[in-house]
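*Asks:* Pasting target21.tsv below, which is TSV, C-alpha atoms and all ligand atoms.
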```tsv
chain	number	residue	atom	x	y	z
A	26	MET	CA	2.74	18.76	-7.69
A	27	THR	CA	2.75	17.16	-11.08
A	28	LEU	CA	0.82	14.04	-10.13
A	29	THR	CA	-2.86	14.15	-9.23
A	30	VAL	CA	-4.15	11.28	-7.07
A	31	HIS	CA	-7.86	10.46	-7.05
A	32	GLN	CA	-8.74	8.08	-4.21
A	33	PHE	CA	-12.03	6.25	-3.69
A	34	PRO	CA	-13.22	3.38	-1.49
A	35	CYS	CA	-14.31	0.13	-3.15
A	36	LEU	CA	-15.08	-3.50	-2.25
A	37	SER	CA	-15.45	-3.81	1.54
A	38	ASP	CA	-12.29	-2.02	2.68
A	39	ASN	CA	-10.06	-1.40	-0.36
A	40	TYR	CA	-9.05	1.95	-1.78
A	41	GLY	CA	-8.86	2.51	-5.52
A	42	PHE	CA	-6.31	5.03	-6.78
A	43	LEU	CA	-6.44	6.74	-10.15
A	44	ILE	CA	-3.43	8.92	-10.87
A	45	ARG	CA	-2.72	11.43	-13.62
A	46	ASP	CA	0.50	12.98	-14.82
A	47	ASP	CA	-0.65	16.58	-15.15
A	48	ALA	CA	1.96	17.52	-17.76
A	49	THR	CA	0.78	14.97	-20.33
A	50	GLY	CA	-2.65	13.80	-19.13
A	51	GLN	CA	-1.54	10.16	-19.02
A	52	ALA	CA	-3.46	8.30	-16.33
A	53	ALA	CA	-3.03	5.01	-14.49
A	54	CYS	CA	-4.79	2.99	-11.84
A	55	ILE	CA	-2.87	1.49	-8.98
A	56	ASP	CA	-4.20	-2.08	-8.82
A	57	THR	CA	-7.62	-3.16	-10.02
A	58	PRO	CA	-9.71	-4.09	-6.97
A	59	ASP	CA	-13.05	-3.34	-8.64
A	60	ALA	CA	-13.17	-2.93	-12.43
A	61	ALA	CA	-16.67	-1.46	-12.54
A	62	ALA	CA	-15.86	1.15	-9.89
A	63	ILE	CA	-12.58	2.11	-11.59
A	64	LEU	CA	-14.22	2.48	-15.03
A	65	ARG	CA	-17.00	4.56	-13.50
A	66	GLU	CA	-14.56	6.88	-11.73
A	67	LEU	CA	-12.52	7.25	-14.93
A	68	LYS	CA	-15.62	8.31	-16.80
A	69	THR	CA	-16.55	10.84	-14.13
A	70	LEU	CA	-13.04	12.32	-14.21
A	71	GLY	CA	-12.85	12.25	-18.00
A	72	TRP	CA	-9.39	10.68	-17.82
A	73	THR	CA	-7.97	8.29	-20.42
A	74	LEU	CA	-6.29	5.29	-18.82
A	75	THR	CA	-2.90	4.38	-20.27
A	76	HIS	CA	-1.54	2.03	-17.58
A	77	ILE	CA	-2.47	-0.39	-14.83
A	78	LEU	CA	0.25	-0.56	-12.17
A	79	ASN	CA	-0.09	-3.74	-10.09
A	80	THR	CA	1.53	-4.16	-6.67
A	81	HIS	CA	0.89	-7.91	-6.29
A	82	TRP	CA	-1.15	-10.80	-7.62
A	83	HIS	CA	-4.02	-10.99	-5.08
A	84	PRO	CA	-7.48	-10.81	-6.69
A	85	ASP	CA	-8.39	-7.61	-4.81
A	86	HIS	CA	-5.35	-5.99	-6.50
A	87	ALA	CA	-5.12	-7.54	-9.98
A	88	GLY	CA	-8.50	-9.23	-10.41
A	89	GLY	CA	-9.90	-6.39	-12.54
A	90	ASN	CA	-6.96	-6.27	-14.97
A	91	ALA	CA	-8.60	-8.13	-17.86
A	92	GLU	CA	-11.85	-6.16	-17.79
A	93	ILE	CA	-10.11	-2.78	-17.54
A	94	LYS	CA	-7.58	-3.63	-20.24
A	95	ALA	CA	-10.39	-4.78	-22.54
A	96	ALA	CA	-12.32	-1.56	-21.91
A	97	THR	CA	-9.40	0.87	-22.27
A	98	GLY	CA	-6.60	-0.85	-24.20
A	99	CYS	CA	-4.16	0.17	-21.45
A	100	GLN	CA	-0.82	-1.48	-20.72
A	101	VAL	CA	-0.49	-3.70	-17.63
A	102	VAL	CA	2.72	-3.20	-15.63
A	103	GLY	CA	3.41	-5.39	-12.63
A	104	PRO	CA	5.40	-8.16	-10.99
A	105	ALA	CA	5.67	-11.55	-12.75
A	106	GLU	CA	3.49	-13.18	-10.07
A	107	VAL	CA	0.40	-11.44	-11.53
A	108	GLU	CA	0.43	-14.25	-14.11
A	109	ARG	CA	-1.01	-16.50	-11.38
A	110	LEU	CA	-4.39	-14.89	-12.14
A	111	GLY	CA	-4.21	-16.10	-15.75
A	112	THR	CA	-2.47	-13.38	-17.78
A	113	ALA	CA	1.09	-12.10	-17.51
A	114	PRO	CA	1.59	-8.32	-17.33
A	115	ASP	CA	2.50	-6.65	-20.65
A	116	ARG	CA	5.59	-5.40	-18.88
A	117	VAL	CA	7.09	-7.30	-15.94
A	118	VAL	CA	8.96	-5.10	-13.48
A	119	ASP	CA	10.92	-5.63	-10.27
A	120	ASP	CA	13.34	-3.90	-7.93
A	121	GLY	CA	15.20	-0.99	-9.54
A	122	ASP	CA	13.07	-0.76	-12.67
A	123	VAL	CA	11.66	2.62	-13.67
A	124	VAL	CA	8.10	3.13	-14.91
A	125	MET	CA	7.26	6.42	-16.61
A	126	LEU	CA	3.71	7.77	-16.61
A	127	GLY	CA	4.12	10.72	-18.93
A	128	GLU	CA	6.76	12.82	-17.19
A	129	THR	CA	6.23	11.22	-13.77
A	130	ARG	CA	8.92	8.74	-12.83
A	131	PHE	CA	8.18	5.78	-10.59
A	132	GLU	CA	10.94	3.68	-9.18
A	133	VAL	CA	9.93	0.08	-8.49
A	134	ILE	CA	10.95	-1.23	-5.08
A	135	ASN	CA	10.63	-4.94	-4.30
A	136	THR	CA	8.74	-5.13	-1.02
A	137	GLY	CA	8.10	-8.87	-0.86
A	138	GLY	CA	6.70	-10.57	2.21
A	139	HIS	CA	2.91	-10.29	1.97
A	140	THR	CA	3.43	-12.04	-1.37
A	141	LEU	CA	6.90	-13.01	-2.62
A	142	GLY	CA	6.90	-10.64	-5.58
A	143	HIS	CA	5.08	-7.66	-4.07
A	144	ILE	CA	6.32	-4.29	-5.34
A	145	THR	CA	5.96	-0.62	-4.38
A	146	PHE	CA	5.79	2.27	-6.85
A	147	HIS	CA	7.75	5.29	-5.57
A	148	ASP	CA	7.53	8.75	-7.13
A	149	ALA	CA	10.42	10.54	-5.41
A	150	ALA	CA	9.79	13.95	-7.02
A	151	ASP	CA	6.26	14.13	-5.63
A	152	GLN	CA	7.11	12.20	-2.45
A	153	ILE	CA	4.44	9.58	-3.02
A	154	ALA	CA	4.58	5.80	-2.58
A	155	PHE	CA	1.94	3.24	-3.53
A	156	VAL	CA	2.71	0.40	-1.16
A	157	GLY	CA	-0.16	-2.04	-1.79
A	158	ASP	CA	-0.45	-4.43	1.15
A	159	THR	CA	3.11	-4.00	2.49
A	160	LEU	CA	2.68	-1.12	4.94
A	161	PHE	CA	-0.62	0.05	6.41
A	162	ALA	CA	-1.49	2.91	8.74
A	163	LEU	CA	-0.41	1.38	12.08
A	164	GLY	CA	-0.12	-2.00	10.37
A	165	CYS	CA	1.59	-4.15	7.79
A	166	GLY	CA	0.52	-6.92	5.46
A	167	ARG	CA	0.09	-10.47	6.63
A	168	LEU	CA	2.96	-12.79	5.70
A	169	PHE	CA	1.08	-15.06	3.33
A	170	GLU	CA	4.18	-16.05	1.36
A	171	GLY	CA	7.32	-14.43	2.75
A	172	THR	CA	9.33	-14.73	5.96
A	173	PRO	CA	9.63	-12.16	8.76
A	174	GLN	CA	13.20	-11.53	7.53
A	175	GLN	CA	12.00	-10.73	4.01
A	176	MET	CA	9.20	-8.47	5.21
A	177	TRP	CA	11.47	-6.66	7.68
A	178	ALA	CA	13.93	-5.96	4.85
A	179	SER	CA	11.05	-4.68	2.71
A	180	LEU	CA	9.76	-2.40	5.47
A	181	ALA	CA	13.32	-1.09	5.96
A	182	LYS	CA	13.36	0.02	2.31
A	183	LEU	CA	10.19	2.01	2.94
A	184	THR	CA	11.37	3.58	6.19
A	185	ALA	CA	14.50	4.72	4.33
A	186	LEU	CA	12.30	7.03	2.22
A	187	PRO	CA	11.93	10.67	3.36
A	188	ASP	CA	9.58	11.15	6.34
A	189	ALA	CA	7.29	13.42	4.30
A	190	THR	CA	6.60	10.66	1.76
A	191	ALA	CA	2.84	10.10	1.44
A	192	VAL	CA	2.04	6.41	1.83
A	193	TYR	CA	-0.98	5.20	-0.12
A	194	CYS	CA	-2.00	1.86	1.41
A	195	ALA	CA	-4.54	-0.35	-0.32
A	196	HIS	CA	-6.90	-0.91	2.63
A	197	GLU	CA	-8.69	1.01	5.38
A	198	TYR	CA	-7.66	-1.28	8.24
A	199	THR	CA	-6.55	1.52	10.53
A	200	ALA	CA	-9.06	1.34	13.41
A	201	SER	CA	-8.50	-2.38	13.87
A	202	ASN	CA	-4.73	-1.87	13.55
A	203	ALA	CA	-4.96	0.85	16.22
A	204	ARG	CA	-6.69	-1.52	18.65
A	205	PHE	CA	-3.87	-4.02	18.26
A	206	ALA	CA	-1.18	-1.31	18.49
A	207	LEU	CA	-2.61	-0.06	21.80
A	208	SER	CA	-2.41	-3.63	23.16
A	209	VAL	CA	1.36	-3.84	22.60
A	210	ASP	CA	2.58	-0.23	22.90
A	211	ALA	CA	1.90	2.30	25.67
A	212	ASP	CA	3.60	5.19	23.86
A	213	PRO	CA	1.70	8.51	24.31
A	214	ALA	CA	2.14	9.49	20.65
A	215	LEU	CA	0.41	6.25	19.65
A	216	LYS	CA	-2.43	6.92	22.12
A	217	ARG	CA	-2.99	10.39	20.63
A	218	ARG	CA	-2.94	9.03	17.11
A	219	ALA	CA	-5.31	6.17	17.96
A	220	ASP	CA	-7.81	8.59	19.51
A	221	ALA	CA	-7.73	10.72	16.37
A	222	ILE	CA	-8.18	7.61	14.21
A	223	PHE	CA	-11.23	6.36	16.14
A	224	ALA	CA	-12.80	9.84	15.92
A	225	ALA	CA	-12.09	10.08	12.19
A	226	ARG	CA	-13.51	6.67	11.45
A	227	GLU	CA	-16.65	7.42	13.42
A	228	LYS	CA	-17.18	10.34	11.04
A	229	GLY	CA	-16.45	8.09	8.06
A	230	GLU	CA	-13.20	9.93	7.26
A	231	TRP	CA	-10.29	8.16	5.54
A	232	THR	CA	-7.01	7.57	7.35
A	233	VAL	CA	-5.11	6.93	4.11
A	234	PRO	CA	-2.70	8.29	2.95
A	235	THR	CA	-0.41	8.17	5.93
A	236	SER	CA	3.28	9.16	5.89
A	237	ILE	CA	6.61	7.45	6.47
A	238	GLY	CA	7.37	9.79	9.38
A	239	LEU	CA	4.08	9.10	11.13
A	240	GLU	CA	4.46	5.34	10.70
A	241	LYS	CA	8.07	5.35	11.93
A	242	ALA	CA	6.89	7.16	15.08
A	243	THR	CA	3.84	5.05	15.91
A	244	ASN	CA	3.52	1.85	13.84
A	245	PRO	CA	4.09	-1.12	16.22
A	246	PHE	CA	5.54	-3.28	13.42
A	247	LEU	CA	8.21	-0.68	12.62
A	248	ARG	CA	8.79	-0.19	16.37
A	249	ALA	CA	9.05	-3.96	16.98
A	250	PRO	CA	12.72	-3.92	18.12
A	251	LEU	CA	11.80	-1.31	20.77
A	252	LEU	CA	8.67	-3.17	21.83
A	253	ARG	CA	10.52	-6.51	22.09
A	254	PRO	CA	13.89	-5.68	23.69
A	255	ASP	CA	14.03	-9.33	24.81
A	256	ILE	CA	14.61	-10.37	21.17
A	257	ALA	CA	18.04	-9.34	19.89
A	258	ASP	CA	17.41	-9.78	16.16
A	259	PRO	CA	15.20	-6.97	14.74
A	260	ALA	CA	13.60	-9.20	12.10
A	261	GLU	CA	12.72	-11.77	14.76
A	262	ALA	CA	11.28	-9.04	16.98
A	263	PHE	CA	9.18	-7.96	14.01
A	264	GLY	CA	8.12	-11.58	13.45
A	265	ALA	CA	6.97	-11.84	17.07
A	266	VAL	CA	4.83	-8.70	16.80
A	267	ARG	CA	3.41	-9.91	13.46
A	268	ALA	CA	2.52	-13.29	15.02
A	269	ALA	CA	0.84	-11.54	17.96
A	270	LYS	CA	-1.32	-9.53	15.53
A	271	ASP	CA	-2.26	-12.70	13.63
A	272	SER	CA	-3.77	-14.18	16.80
A	273	PHE	CA	-5.09	-10.87	18.26
A	274	LYS	CA	-8.79	-10.91	19.10
A	275	GLY	CA	-9.62	-7.26	19.56
B	1	ZN	ZN	-3.02	-8.64	-0.69
B	2	FE	FE	-5.32	-6.53	-0.40
```
Show me the file's structure as structure tokens.
Ligand code: ZN
Ligand code: FE

*Replies:*
Amino acid sequence: MTLTVHQFPCLSDNYGFLIRDDATGQAACIDTPDAAAILRELKTLGWTLTHILNTHWHPDHAGGNAEIKAATGCQVVGPAEVERLGTAPDRVVDDGDVVMLGETRFEVINTGGHTLGHITFHDAADQIAFVGDTLFALGCGRLFEGTPQQMWASLAKLTALPDATAVYCAHEYTASNARFALSVDADPALKRRADAIFAAREKGEWTVPTSIGLEKATNPFLRAPLLRPDIADPAEAFGAVRAAKDSFKG
């Protein structure tokens, strides 16, 4: 393991992630949900921030960029859409680009759908992916900007990663996702996972990170073609499950 991940809850249900390339000591934050919390954690760790890596433009992901950049002088790396908050990233990246944090190599994967320009940062050597609001434990991001077809293609890029890949999602939505999943899927593996999730959350434990393998086995959005055999097109089956979640009152 050459990348250390420091995870902490912030805002109402976000996770902040500070990461450090152990070989060089370079450190980055994945998104900037809460500038004060991120700067405090950095101080506690004694890390020097060199980069902000943004997944998408939403304020709970890029809203702290200006304050953190002013405090640390770090470089902002992200999709062009981050400019919608007022300032363009220092380096705009998209699908296929490579971002180095010291000796750690992140491949940028375009995972649009939640927002059009949403990206994922994938560190293949350490089997780690920072997926923002694309894939959640038992869930996926709402389609604020993209189509079901776009989001399905994005999710397919993530499920093509090795099963052992650790998936760092940006929110702790898992218990509510589990309630919806149980309403559309009677699979015993899902039932076992949901029980474990409810027990963990009652103890205040985190359910993030998850893994690609676990999500492929139990996430109702990834299992949409199986859950909706009446819909021939996989992306449309996904769209139907996504629409059901949008109107789910659980
Ligand atoms: Zn978002
Ligand atoms: Fe978010």

*Asks:* Residues contacting ligand ZN 1 (chain B) - anything with an atom at most 10 Å away, using all atoms listed in the file - can you give me those as a PyMOL selection string?

*Replies:* chain A and resi 80-87+139-140+143+157-159+166-169+195-196

*Asks:* Name the closest residue to ligand FE 2 (chain B) among the candidates A:Asp115, A:Asp220, A:Asp59, A:Asp120; distances are taken between atoms, counting all atoms listed in the file.

*Replies:*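 With all atoms listed in the file as the atom set, the closest residue is A:Asp59.
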
*Asks:* For A:Thr27, list every protein, DNA or RNA residue within 10 Å, evaluated using all atoms listed in the file, and leave out those in the same chain fewer than 6 positions away; present the list as a ChimeraX atom specification.

*Replies:* /A:45-49,128-129,150-151

*Asks:* Could you work out how far atom CA of A:His31 lies from atom CA of A:Ile77, giving the answer in Å with one decimal?

*Replies:* 14.4 Å

*Asks:* Quick one: everything within 7 Å of stretch 110-114 of chain A, counting all atoms listed in the file, minus sequence neighbours fewer than 5 positions away in the same chain. Send it as a ChimeraX atom specification.

*Replies:* /A:82,101-103,105
